[in-house]
Amino acid sequence: MTLKFGLLVPQGWRMDLVGIADPVEAYETMTRVALLAEELGFDSIWLFDHFHTVPRPTQEVTFECWTSTAALARDTKRVRIGQMVTCNGYRNPALLAKMASTVDVLSHGRLDFGIGSGWYEHEYRAYGYEYPDAPERLRHLREAVQIILKMWSEEEATFEGRYYHVRGAINQPKGVQKPHIPLLIGGGGEQVTLKLVAQYADACNVGHLDNEGLAHKFDVIRKHCENIGRDYHEIRRNVLFNCAIAESEEEALQKAEVFRRNIPSGRLREQGLVGTPQSIRKRLQEIEQAGAQEVIIYLPDAAQLESVRLFAHECMR
């Protein structure tokens, strides 16, 4: 198996730091998971970009994505770090490109920049952002990725769009990685999002799909690439899965109950990584055969560390 592996670090959004009353200790829990992932050989760590908890907003801690990205980039030394994914609507894209460039330098070139159109209406409204409909959010995203790439490649970026205007913006330093920081676009919309992947991205991310669904999404990207004359193999194929791993199938299924919100079909095994190490290894082989190159996992109990160790020791080797 040649798959790479990434781990979502608990940051509170999915109620995965509940019970840790001290916010400093909650952050240090994030750090412990990130350092353990690095030690165990994970290729990357990732953070969600959200402000309020799910499945409902609560007063539980939820650490902001980009400040946490910067902090964890300094806490770690080897592992790559990215966002799953940055909500385009929360930050001006020129500023976001500047932030990413800074983080790439302070991480010594370990940043993966993930971005998407956004979807969590409650957060938009609560923080005072307008919440356009999905087609308009995607039009915002199209302009944003063009600006970000200009900020990473041109001495003075200029862009006059419908939604964004950049007039001679200077971005120094532009980051460490060449030709620029890898750009990942998250989402599975076949007519717009995956076309943006083909046009602009270095990586894609689709999630919570069975093998047939994964292969189909990758085929859509391939066809978009053919239509514009781009080499499909230039795009790294990342996939996101909820993971519940345990020594018994029964225990794993019990852990996986929290995934039903993300997998309304109820097909937890087919659209997640659920089971013993042996059954998960088999599933990973199928995912690789469907075309994936990196699997990013979310473990609801990562803060307790044992499931992180179990997955690394039994499924990554």
# chains A, B, ... in the order shown; residues from 1 in each chain; ligands from 1

$ residues_around --residues "Glu190 in chain A" --least-positions-apart "3" --cutoff "12 Å" --atoms "only C-alpha atoms" --output "list in words"
Gly186, Gly187, Thr193, Leu194, Lys195, Leu196, Val197, Ala198, Val206, Gly213, His216, Lys217, Phe218, Asp219, Val220, Ile221, Arg222, Lys223 and His224 of chain A

$ select_by_dssp --residues "range 91-244 of chain A" --states "alpha helix (DSSP H)" --output "PyMOL selection string"
chain A and resi 93-106+121-126+134-153+193-200+211-228

$ select_by_dssp --residues "range 71-310 of chain A" --states "strand (DSSP E or B)" --output "VMD selection string"
chain A and resid 80 to 83 86 to 87 111 to 116 157 to 160 165 to 169 183 to 186 203 to 207 236 to 245 273 to 275 294 to 298

$ write_last_selection --atoms "C-alpha atoms" --output "short mmCIF file (atom, residue, chain, number, x, y, z; two decimals), in the first residue's frame"
data_model
loop_
_atom_site.label_atom_id
_atom_site.label_comp_id
_atom_site.auth_asym_id
_atom_site.auth_seq_id
_atom_site.Cartn_x
_atom_site.Cartn_y
_atom_site.Cartn_z
CA ARG A 80 2.71 18.69 6.90
CA ILE A 81 -0.23 20.80 8.09
CA GLY A 82 -3.37 21.97 6.33
CA GLN A 83 -7.01 23.01 6.60
CA THR A 86 -10.65 27.09 4.88
CA CYS A 87 -14.03 28.76 4.41
CA LEU A 111 1.84 24.04 4.55
CA ASP A 112 -0.97 22.54 2.47
CA PHE A 113 -3.53 25.25 1.74
CA GLY A 114 -7.09 23.89 1.72
CA ILE A 115 -10.05 26.04 0.69
CA GLY A 116 -13.75 25.59 -0.09
CA ALA A 157 -1.22 41.27 -7.78
CA THR A 158 -4.09 42.97 -9.61
CA PHE A 159 -7.56 41.53 -10.02
CA GLU A 160 -10.86 43.19 -10.89
CA HIS A 165 -10.78 43.86 -6.19
CA VAL A 166 -7.02 43.71 -5.68
CA ARG A 167 -4.93 46.62 -6.90
CA GLY A 168 -1.20 46.20 -6.73
CA ALA A 169 -1.06 44.01 -3.64
CA LEU A 183 -3.55 24.59 -3.28
CA LEU A 184 -6.22 22.05 -2.31
CA ILE A 185 -9.88 22.64 -3.18
CA GLY A 186 -12.37 20.65 -1.10
CA ALA A 203 -5.01 18.63 -4.84
CA CYS A 204 -8.66 17.77 -4.32
CA ASN A 205 -10.51 16.43 -1.31
CA VAL A 206 -13.76 14.48 -1.35
CA GLY A 207 -15.19 12.71 1.64
CA ARG A 236 -3.18 14.87 -5.78
CA ARG A 237 -6.29 12.89 -4.78
CA ASN A 238 -7.04 13.25 -1.07
CA VAL A 239 -10.04 11.68 0.64
CA LEU A 240 -11.61 12.32 4.04
CA PHE A 241 -13.12 9.60 6.22
CA ASN A 242 -14.56 9.35 9.68
CA CYS A 243 -12.74 6.52 11.44
CA ALA A 244 -13.83 4.36 14.36
CA ILE A 245 -11.21 1.73 15.13
CA LEU A 273 -13.53 3.49 8.18
CA VAL A 274 -15.25 1.43 10.85
CA GLY A 275 -14.11 -1.82 12.41
CA GLU A 294 -3.88 10.20 0.70
CA VAL A 295 -6.45 9.28 3.34
CA ILE A 296 -7.24 11.88 5.99
CA ILE A 297 -9.01 10.42 9.01
CA TYR A 298 -11.11 11.91 11.76
#

$ closest_atom_pairs --of "range 141-241 of chain A" --to "range 99-105 of chain A" --cutoff "10 Å" --atoms "only C-alpha atoms" --output "CSV"
residue,atom,partner,partner_atom,distance
A:Ile148,CA,A:Ala100,CA,9.5
A:Met151,CA,A:Ser101,CA,9.1
A:Trp152,CA,A:Ser101,CA,7.6
A:Asn171,CA,A:Ser101,CA,8.0
A:Gln172,CA,A:Ser101,CA,8.0
A:Pro173,CA,A:Ser101,CA,6.5
A:Lys174,CA,A:Ser101,CA,5.0
A:Gly175,CA,A:Ser101,CA,4.3
A:Val176,CA,A:Val105,CA,5.6
A:Gln177,CA,A:Asp104,CA,7.5
A:His180,CA,A:Ser101,CA,9.1
A:Ile181,CA,A:Asp104,CA,7.4

$ write_last_selection --atoms "N, CA and C atoms" --output "short mmCIF file (atom, residue, chain, number, x, y, z; two decimals), in the first residue's frame"
data_model
loop_
_atom_site.label_atom_id
_atom_site.label_comp_id
_atom_site.auth_asym_id
_atom_site.auth_seq_id
_atom_site.Cartn_x
_atom_site.Cartn_y
_atom_site.Cartn_z
N ILE A 148 -5.55 34.33 -4.94
CA ILE A 148 -4.55 33.66 -4.10
C ILE A 148 -3.35 33.23 -4.93
N MET A 151 -1.31 36.24 -5.81
CA MET A 151 -0.55 36.72 -4.65
C MET A 151 0.69 35.87 -4.41
N TRP A 152 0.64 34.60 -4.78
CA TRP A 152 1.77 33.70 -4.59
C TRP A 152 2.77 33.71 -5.75
N ASN A 171 3.00 40.86 -1.78
CA ASN A 171 3.02 39.76 -0.81
C ASN A 171 4.44 39.22 -0.71
N GLN A 172 5.17 39.71 0.26
CA GLN A 172 6.51 39.22 0.53
C GLN A 172 6.64 38.87 2.00
N PRO A 173 7.19 37.71 2.33
CA PRO A 173 7.64 36.64 1.43
C PRO A 173 6.44 35.86 0.88
N LYS A 174 6.62 35.18 -0.22
CA LYS A 174 5.53 34.43 -0.84
C LYS A 174 5.42 33.01 -0.32
N GLY A 175 6.31 32.64 0.58
CA GLY A 175 6.35 31.27 1.08
C GLY A 175 7.65 30.61 0.69
N VAL A 176 7.79 29.35 1.08
CA VAL A 176 9.01 28.60 0.84
C VAL A 176 8.87 27.68 -0.36
N GLN A 177 7.70 27.04 -0.51
CA GLN A 177 7.54 25.99 -1.51
C GLN A 177 7.45 26.57 -2.92
N HIS A 180 4.75 27.27 -5.75
CA HIS A 180 3.99 27.98 -4.74
C HIS A 180 3.44 26.96 -3.75
N ILE A 181 2.83 27.42 -2.70
CA ILE A 181 2.18 26.56 -1.71
C ILE A 181 1.14 25.68 -2.42
#

$ closest_residue --among "A:Glu226, A:Glu64, A:Glu306, A:Glu270" --to "Phe48 in chain A" --atoms "only C-alpha atoms"
A:Glu64
